[in-house]
file entry.cif (mmCIF, C-alpha atoms)
data_coords
loop_
_atom_site.label_atom_id
_atom_site.label_comp_id
_atom_site.auth_asym_id
_atom_site.auth_seq_id
_atom_site.Cartn_x
_atom_site.Cartn_y
_atom_site.Cartn_z
CA MET Y 1 -126.73 -170.67 58.51
CA LYS Y 2 -130.04 -168.95 59.29
CA ASN Y 3 -131.81 -172.29 59.02
CA SER Y 4 -129.35 -173.93 61.43
CA ILE Y 5 -129.83 -171.10 63.92
CA ARG Y 6 -133.62 -171.37 63.62
CA LYS Y 7 -133.55 -175.14 64.20
CA LEU Y 8 -131.21 -174.79 67.19
CA VAL Y 9 -133.38 -172.06 68.76
CA ALA Y 10 -136.45 -174.30 68.36
CA ARG Y 11 -134.55 -177.22 69.93
CA ILE Y 12 -133.48 -175.05 72.87
CA LYS Y 13 -137.08 -173.92 73.42
CA LYS Y 14 -138.21 -177.55 73.33
CA LEU Y 15 -135.56 -178.53 75.90
CA ILE Y 16 -136.51 -175.64 78.17
CA ASP Y 17 -140.23 -176.39 77.98
CA GLY Y 18 -139.78 -180.16 78.36
CA LEU Y 19 -139.51 -182.25 81.49
CA TYR Y 20 -136.42 -181.70 83.60
CA GLU Y 21 -133.87 -184.46 83.29
CA GLU Y 22 -130.13 -184.38 83.84
CA SER Y 23 -129.51 -185.37 80.22
CA ASN Y 24 -131.78 -182.52 79.03
CA ALA Y 25 -129.77 -180.03 81.07
CA ASP Y 26 -126.55 -181.27 79.43
CA MET Y 27 -128.11 -181.15 75.96
CA LEU Y 28 -129.40 -177.62 76.68
CA LYS Y 29 -125.93 -176.49 77.69
CA ILE Y 30 -124.39 -177.99 74.53
CA ALA Y 31 -127.14 -176.49 72.33
CA ARG Y 32 -126.59 -173.03 73.82
CA LEU Y 33 -122.84 -173.29 73.20
CA LYS Y 34 -123.49 -174.32 69.58
CA LEU Y 35 -125.95 -171.43 69.19
CA GLY Y 36 -123.38 -168.98 70.53
CA HIS Y 37 -120.85 -170.36 68.06
CA LEU Y 38 -123.33 -170.03 65.16
CA TYR Y 39 -124.14 -166.43 66.14
CA ALA Y 40 -120.41 -165.64 66.23
CA GLU Y 41 -119.97 -167.22 62.78
CA GLU Y 42 -122.91 -165.24 61.40
CA GLU Y 43 -121.52 -162.00 62.82
CA SER Y 44 -118.12 -162.76 61.33
CA TYR Y 45 -119.73 -163.53 57.97
CA TRP Y 46 -121.56 -160.20 57.85
CA ALA Y 47 -118.47 -158.30 59.03
CA GLN Y 48 -116.47 -159.88 56.21
CA ARG Y 49 -119.18 -159.12 53.66
CA SER Y 50 -119.26 -155.47 54.65
CA ARG Y 51 -115.45 -155.28 54.64
CA ILE Y 52 -115.29 -156.83 51.15
CA LYS Y 53 -117.81 -154.29 49.87
CA TRP Y 54 -115.85 -151.46 51.49
CA LEU Y 55 -112.53 -152.73 50.07
CA LYS Y 56 -114.03 -153.02 46.60
CA GLU Y 57 -115.60 -149.57 46.67
CA GLU Y 58 -113.09 -147.86 49.02
CA ASP Y 59 -113.55 -144.14 48.95
CA ARG Y 60 -113.97 -143.91 45.21
CA ASN Y 61 -116.62 -141.45 44.22
CA THR Y 62 -119.35 -144.10 44.30
CA CYS Y 63 -122.92 -144.13 45.47
CA PHE Y 64 -121.92 -146.67 48.15
CA PHE Y 65 -119.25 -144.36 49.57
CA HIS Y 66 -121.56 -141.32 49.59
CA VAL Y 67 -124.34 -143.25 51.34
CA GLN Y 68 -121.89 -144.44 54.01
CA ALA Y 69 -120.39 -140.98 54.56
CA THR Y 70 -123.69 -139.08 54.65
CA SER Y 71 -125.43 -141.61 56.89
CA ARG Y 72 -122.55 -141.38 59.38
CA LEU Y 73 -122.73 -137.58 59.23
CA LYS Y 74 -126.50 -137.58 59.80
CA LYS Y 75 -126.18 -140.03 62.68
CA ASN Y 76 -123.51 -137.88 64.37
CA LYS Y 77 -125.40 -134.58 64.08
CA ILE Y 78 -128.23 -133.31 66.24
CA GLU Y 79 -130.45 -131.35 63.89
CA ARG Y 80 -133.24 -130.62 66.34
CA LEU Y 81 -134.37 -131.44 69.87
CA LYS Y 82 -137.39 -130.83 72.03
CA ASP Y 83 -136.54 -128.41 74.81
CA SER Y 84 -137.75 -128.60 78.41
CA ASN Y 85 -141.06 -127.01 77.29
CA VAL Y 86 -141.49 -129.77 74.65
CA ILE Y 87 -140.98 -127.26 71.83
CA TRP Y 88 -138.82 -128.21 68.86
CA VAL Y 89 -135.52 -126.31 68.76
CA ASN Y 90 -133.69 -126.22 65.41
CA ASP Y 91 -131.00 -123.58 65.92
CA THR Y 92 -127.62 -125.00 66.97
CA ASN Y 93 -127.03 -122.22 69.53
CA ASP Y 94 -130.46 -122.78 71.10
CA ILE Y 95 -129.80 -126.54 71.26
CA CYS Y 96 -126.48 -125.84 73.02
CA LYS Y 97 -128.17 -123.50 75.51
CA ASP Y 98 -130.87 -126.06 76.28
CA VAL Y 99 -128.33 -128.85 76.78
CA SER Y 100 -126.24 -126.59 79.03
CA SER Y 101 -129.28 -125.74 81.14
CA ILE Y 102 -130.04 -129.44 81.61
CA PHE Y 103 -126.47 -130.18 82.70
CA ALA Y 104 -126.48 -127.14 85.00
CA ARG Y 105 -128.95 -128.73 87.42
CA GLN Y 106 -127.85 -129.42 90.97
CA PHE Y 107 -125.90 -132.65 91.34
CA THR Y 108 -125.95 -134.47 94.65
CA ASN Y 109 -122.79 -135.41 96.49
CA ASP Y 110 -123.58 -139.06 95.78
CA GLU Y 111 -123.78 -138.41 92.02
CA ILE Y 112 -120.48 -136.53 92.07
CA LEU Y 113 -118.78 -139.26 94.11
CA GLU Y 114 -120.18 -141.96 91.82
CA ALA Y 115 -118.70 -140.21 88.78
CA PHE Y 116 -115.50 -139.54 90.68
CA ASN Y 117 -115.15 -143.23 91.59
CA GLN Y 118 -115.44 -144.21 87.93
CA MET Y 119 -112.35 -142.16 87.15
CA ASP Y 120 -109.25 -143.97 85.87
CA LEU Y 121 -106.95 -144.33 88.87
CA ASP Y 122 -103.83 -144.05 86.69
CA LYS Y 123 -104.70 -140.68 85.12
CA ALA Y 124 -104.07 -137.21 86.47
CA LEU Y 125 -107.02 -134.84 86.82
CA GLY Y 126 -105.06 -131.67 86.28
CA ILE Y 127 -101.67 -130.16 85.69
CA ASP Y 128 -100.61 -130.92 89.27
CA GLY Y 129 -99.96 -134.52 88.17
CA LEU Y 130 -101.86 -136.07 91.07
CA LEU Y 131 -103.32 -139.37 89.92
CA GLY Y 132 -106.85 -140.52 90.61
CA ILE Y 133 -105.53 -143.10 93.04
CA PHE Y 134 -104.21 -140.28 95.26
CA PHE Y 135 -107.69 -138.81 95.62
CA LYS Y 136 -109.28 -142.21 96.16
CA GLU Y 137 -106.81 -143.28 98.86
CA ASN Y 138 -106.95 -139.89 100.62
CA CYS Y 139 -110.70 -139.34 100.33
CA GLU Y 140 -111.18 -138.60 104.04
CA VAL Y 141 -108.61 -135.78 103.82
CA VAL Y 142 -109.45 -134.24 100.43
CA GLY Y 143 -113.05 -135.49 99.90
CA LYS Y 144 -114.84 -132.37 101.14
CA ASP Y 145 -112.54 -130.10 99.14
CA VAL Y 146 -113.14 -132.17 96.00
CA LEU Y 147 -116.92 -132.03 96.46
CA ASN Y 148 -116.82 -128.25 97.11
CA PHE Y 149 -114.62 -127.77 94.05
CA PHE Y 150 -117.03 -129.66 91.79
CA HIS Y 151 -120.05 -127.87 93.25
CA ASP Y 152 -118.30 -124.53 92.56
CA ILE Y 153 -117.73 -125.59 88.94
CA LEU Y 154 -121.30 -126.89 88.53
CA ASP Y 155 -122.77 -123.75 90.13
CA GLY Y 156 -120.74 -121.52 87.79
CA ASN Y 157 -118.53 -120.07 90.53
CA LYS Y 158 -115.35 -121.58 89.06
CA ASP Y 159 -114.26 -122.05 85.49
CA ILE Y 160 -113.75 -125.68 84.47
CA SER Y 161 -110.81 -124.68 82.30
CA CYS Y 162 -108.70 -124.87 85.44
CA LEU Y 163 -108.93 -128.68 85.14
CA ASN Y 164 -108.60 -129.36 81.43
CA ASP Y 165 -110.55 -129.17 78.20
CA THR Y 166 -113.12 -131.87 77.64
CA MET Y 167 -115.48 -132.52 74.78
CA ILE Y 168 -118.74 -134.16 75.77
CA VAL Y 169 -120.05 -136.58 73.20
CA LEU Y 170 -123.72 -137.46 73.42
CA ILE Y 171 -124.42 -141.08 72.50
CA THR Y 172 -127.88 -141.76 71.20
CA LYS Y 173 -130.03 -144.47 72.77
CA ILE Y 174 -132.42 -144.62 69.82
CA LYS Y 175 -132.24 -144.18 66.04
CA ASP Y 176 -133.75 -140.68 65.69
CA PRO Y 177 -133.34 -138.81 68.99
CA ASN Y 178 -135.76 -135.94 69.54
CA ASP Y 179 -135.01 -134.79 73.10
CA MET Y 180 -132.28 -135.05 75.72
CA THR Y 181 -133.74 -138.17 77.32
CA ASN Y 182 -132.78 -140.05 74.12
CA PHE Y 183 -129.05 -139.65 74.86
#
call {"tool": "encode", "arguments": {"input": "entry.cif", "output": "structure tokens"}}
result
Amino acid sequence: MKNSIRKLVARIKKLIDGLYEESNADMLKIARLKLGHLYAEEESYWAQRSRIKWLKEEDRNTCFFHVQATSRLKKNKIERLKDSNVIWVNDTNDICKDVSSIFARQFTNDEILEAFNQMDLDKALGIDGLLGIFFKENCEVVGKDVLNFFHDILDGNKDISCLNDTMIVLITKIKDPNDMTNF
């Protein structure tokens, strides 16, 4: 399969670099479709291989299972980060304080509205049961109050628990994150 993919990629490059002809454009389109199909097959192959290995080993007390479990645990844990002074912080409480201070910066009205507009229109923000669509459709009436409310929360004047409990999950952009810009 790898060989077929390599040949098809080389053919596509040749078609792209060659003279433009209508037939070349059609062949390029067909070659790209075939390449997409081969990539999908390869992905399916590797997914099946990993599933077979997992089904064979399951969660028996095997080396395979321990490697899988510990690598997932390591990937999901922040052991240390560089703080705003570019100093390594190892203590969990200090990491939490540093992250909180970064998120405590002033947000602009545009940033708040952008986040607000990404909200699911069919979900209620709080216990009042008002859906997101209510706020979106009545923005000119409630918009200023919503912005003031969020600024009060972000400035520490109001407790966010009046909305609901939320867990923020940081998703890494790179393999071994070392500061907040890597999330």
call {"tool": "atom_distance", "arguments": {"input": "entry.cif", "atom1": "atom CA of Y:Leu113", "atom2": "atom CA of Y:Glu137"}}
result
13.5 Å
call {"tool": "resolve_selection", "arguments": {"input": "entry.cif", "expression": "the PyMOL selection byres ((chain Y and resi 94) around 12)", "output": "VMD selection string"}}
result
chain Y and resid 78 to 84 87 to 93 95 to 101
call {"tool": "atom_distance", "arguments": {"input": "entry.cif", "atom1": "atom CA of Y:Glu22", "atom2": "atom CA of Y:Ala40"}}
result
27.5 Å
call {"tool": "residues_near_point", "arguments": {"input": "entry.cif", "point": "(-110.6, -141.5, 95.1)", "cutoff": "10 Å", "atoms": "all atoms listed in the file", "output": "NGL selection string"}}
result
:Y and (113 or 116-121 or 131-140 or 142-143 or 146)
call {"tool": "atom_distance", "arguments": {"input": "entry.cif", "atom1": "atom CA of Y:Leu154", "atom2": "atom CA of Y:Thr172"}}
result
23.8 Å
call {"tool": "resolve_selection", "arguments": {"input": "entry.cif", "expression": "the PyMOL selection byres ((chain Y and resi 176) around 12)", "output": "PyMOL selection string"}}
result
chain Y and resi 74-81+171-175+177-183
call {"tool": "closest_residue", "arguments": {"input": "entry.cif", "among": "Y:Leu147, Y:Leu28, Y:Leu8, Y:Leu33", "to": "Y:Ala115", "atoms": "all atoms listed in the file"}}
result
Y:Leu147
call {"tool": "resolve_selection", "arguments": {"input": "entry.cif", "expression": "the PyMOL selection byres ((chain Y and resi 34) around 12)", "output": "list in words"}}
result
Ser4, Ile5, Lys7, Leu8, Val9, Arg11, Ile12, Met27, Leu28, Lys29, Ile30, Ala31, Arg32, Leu33, Leu35, Gly36, His37, Leu38, Tyr39, Ala40 and Glu41 of chain Y
